[in-house]
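> Quick one: the structure is below, questions incoming.
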Amino acid sequence: MKTLRYSIFIGIVILCYGCNGSKYLINKKVNTEDYLYEIKKELQVKWPNNKTINFVYHGHSVPSGYFETPHVNTLSSYPHLVLKNLKEIYSYAAINTIVTAIGGENSVEGAKRFKEEVLNHKPDVLFIDYGLNDRRVGLEKAKIAWEQMIEVALNNDIHIILLTPSPDYRVDYSNLQNELFQHTNQIRELAKKYGIGVVDSYKAFEPLYNDMDALKIYMAQINHPNETGHELIANEIMKYFK
């Protein structure tokens with residue numbers, strides 16, 4: 001039986017039907033401490049009663065671990081930093097970190113291979129990170145692709161956490177409506193619409209946008225964080241596991 005997700009909005013329970021008739025929340029901002037409550041309980045279970053928990057990271061070059069292209073620094077990317085941090089808290093847990101991200105890909109391409117290359121891993125928690133590259137396809141196509149992936153995942157009872165984009169030197173951050181911010185805001189709205197988690201990387205780096213020299217401390221190249229930058233993203237993800 002699928003878990004019923006619900007939200008009270010102006011005193012009324014508002015439900016929306018997904019592509020296969022399942023129900024999901026709309027217009028709800030989740031509580032980071034409670035959203036993965038069931039997952040956190042499972043992470044504390046000892047062998048032989050525990051089960052393997054699959055964390056799947058779907059997206060472009062950043063979760064893939066690209067630092068200075070073509071160098072891929074896998075173990076210093078945020079999916080593996082999260083695994084390291086989780087094991088310090090949940091010593092009994094059996095956790096698979098599975099990265100289905102591809103460098104250079106956007107969400108339209110990622111949605112096409114979603115069922116065969118993401119769902120086949122049976123994610124317990126799914127992270128989606130395409131904001132940087134979605135500028136190439138635009139807001140409308142990106143929204144359709146993200147919604148397709150989100151609704152398929154919800155129909156399979158998967159906990160989802162969306163990520164807003166990490167920095168790009170080429171962005172004019174003094175323009176508060178820059179293209180990257182527009183994709184960031186759309187991702188935030190999708191998280192609210194479906195009542196799912198969001199890790200706001202854009203906001204986490206925001207104090208650095210007025211000082212490019214300070215930002216460079218967190219970057220390996222124009223649009224790829226270094227290990228320090230990945231640690232910043234990993235720390236935001238870890239708020240869901242405290």
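Ordering of the structure tokens sets the chain letters (A, B, ...), residue numbers begin anew at 1 in every chain, and ligands are numbered from 1 in the order given.
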With only C-alpha atoms counted and 10 Å as the cut-off, give the residues of region 113-229 of chain A in contact with region 49-73 of chain A, each with its shortest interatomic distance in Å and the pair that gives it, as a Markdown table.

| residue | atom | partner | partner_atom | distance |
| --- | --- | --- | --- | --- |
| A:Phe114 | CA | A:His58 | CA | 8.7 |
| A:Glu117 | CA | A:His58 | CA | 9.5 |
| A:Val118 | CA | A:Val56 | CA | 7.4 |
| A:Leu119 | CA | A:Val56 | CA | 9.2 |
| A:His121 | CA | A:Asn54 | CA | 7.5 |
| A:Lys122 | CA | A:Asn54 | CA | 7.0 |
| A:Pro123 | CA | A:Asn54 | CA | 5.0 |
| A:Asp124 | CA | A:Asn54 | CA | 5.2 |
| A:Val125 | CA | A:Phe55 | CA | 5.0 |
| A:Leu126 | CA | A:Val56 | CA | 4.9 |
| A:Phe127 | CA | A:Tyr57 | CA | 4.8 |
| A:Ile128 | CA | A:His58 | CA | 4.9 |
| A:Asp129 | CA | A:Gly59 | CA | 4.6 |
| A:Tyr130 | CA | A:Gly59 | CA | 5.0 |
| A:Gly131 | CA | A:His60 | CA | 8.6 |
| A:Leu132 | CA | A:His60 | CA | 8.1 |
| A:Asn133 | CA | A:His60 | CA | 7.2 |
| A:Asp134 | CA | A:His60 | CA | 9.6 |
| A:His159 | CA | A:Phe55 | CA | 9.8 |
| A:Ile160 | CA | A:Val56 | CA | 9.7 |
| A:Ile161 | CA | A:Tyr57 | CA | 9.6 |
| A:Leu162 | CA | A:His58 | CA | 9.8 |
| A:Leu163 | CA | A:Gly59 | CA | 9.5 |
| A:Pro165 | CA | A:Val62 | CA | 9.3 |
| A:Ser166 | CA | A:Val62 | CA | 8.3 |
| A:Met219 | CA | A:Phe67 | CA | 8.3 |
| A:Ala220 | CA | A:Phe67 | CA | 5.5 |
| A:Gln221 | CA | A:Glu68 | CA | 5.8 |
| A:Ile222 | CA | A:Glu68 | CA | 8.8 |
| A:Asn223 | CA | A:Val62 | CA | 8.5 |
| A:His224 | CA | A:Phe67 | CA | 5.5 |
| A:Pro225 | CA | A:Phe67 | CA | 6.5 |
| A:Asn226 | CA | A:Phe67 | CA | 6.0 |
| A:Glu227 | CA | A:Phe67 | CA | 8.4 |
> Looking only at alpha helix (DSSP H) from DSSP on the backbone, list the matching residues of region 12-230 of chain A as a ChimeraX atom specification.
/A:37-43,61-64,78-89,107-112,114-117,138-155,179-194,201-205,212-216,227-230
> From a backbone DSSP assignment, name each residue in region 70-213 of chain A labelled strand (DSSP E), as a list of chain:residue names.
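The strand (DSSP E) subset of region 70-213 of chain A is A:Ala94, A:Ile95, A:Asn96, A:Thr97, A:Ile98, A:Val99, A:Val125, A:Leu126, A:Phe127, A:Ile128, A:Asp129, A:His159, A:Ile160, A:Ile161, A:Leu162, A:Leu163, A:Gly197, A:Val198, A:Val199.
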> Record the distance separating CA of Arg113 (chain A) and CA of Glu147 (chain A), expressed in Å with one decimal.
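Distance reported for this atom pair: 14.3 Å.
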> Nearest to Tyr173 (chain A): which of A:Asp157, A:Glu88, A:Glu206, A:Glu109 is it, counting only C-alpha atoms?
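Going through A:Asp157, A:Glu88, A:Glu206, A:Glu109 one by one, the smallest distance to Tyr173 (chain A) is for A:Glu206.
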> Return the single residue from A:Met238, A:Gly195, A:Ser107, A:Pro167 that is closest to Leu208 (chain A), with distances computed using only C-alpha atoms.
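Of A:Met238, A:Gly195, A:Ser107, A:Pro167, the one nearest Leu208 (chain A) is A:Pro167, counting only C-alpha atoms.
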> List as a list in words the protein and nucleic acid residues near Val108 (chain A), meaning an atom at most 9 Å away when only C-alpha atoms are counted, but skip any in the same chain fewer than 6 places from it.
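Residues meeting the cut-off are Asp134, Val137, Lys141, Ala142, Ile144, Ala145 and Trp146 of chain A.
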> Store the residues of this selection in a file with C-alpha atoms, as a compact mmCIF listing (two decimals), in the first residue's frame.

# COMPACT_ATOMS: atom_id res chain seq x y z
CA ASP A 134 19.17 23.04 -17.73
CA VAL A 137 16.99 23.60 -22.53
CA LYS A 141 11.35 21.91 -20.98
CA ALA A 142 13.24 21.53 -17.72
CA ILE A 144 8.38 19.02 -17.75
CA ALA A 145 11.40 16.74 -17.39
CA TRP A 146 11.73 17.28 -13.62
> Have a look at A:Tyr37, A:Trp47, A:Tyr169, A:Tyr240 and name the one nearest to Asp213 (chain A); count only C-alpha atoms.
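For Asp213 (chain A), the nearest of the given residues is A:Tyr169.
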> Rounded to one decimal place, report the CA of Leu190 (chain A)-CA of Val30 (chain A) distance in Å.
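Between these atoms lies a distance of 12.0 Å.
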> Record the distance separating CA of Gly197 (chain A) and CA of Ser77 (chain A), expressed in Å with one decimal.
20.2 Å
> Go through A:Val199, A:Ile89, A:Val45, A:Leu180 one by one, measure the shortest atom-to-atom distance of each to Phe241 (chain A) using only C-alpha atoms, and give the residue with the smallest value.
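Comparing A:Val199, A:Ile89, A:Val45, A:Leu180 against Phe241 (chain A), the winner is A:Ile89.
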> Considering only C-alpha atoms, state which residue in the set A:His230, A:Leu176, A:Lys112, A:Ile237 is at the smallest distance from Thr74 (chain A).
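Of A:His230, A:Leu176, A:Lys112, A:Ile237, the one nearest Thr74 (chain A), counting only C-alpha atoms, is A:His230.
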> Between A:Glu236, A:Asp172, A:Glu231, A:Glu189, which residue has the minimum interatomic distance to Asn210 (chain A), considering only C-alpha atoms?
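That would be A:Asp172, the residue with the smallest distance to Asn210 (chain A).
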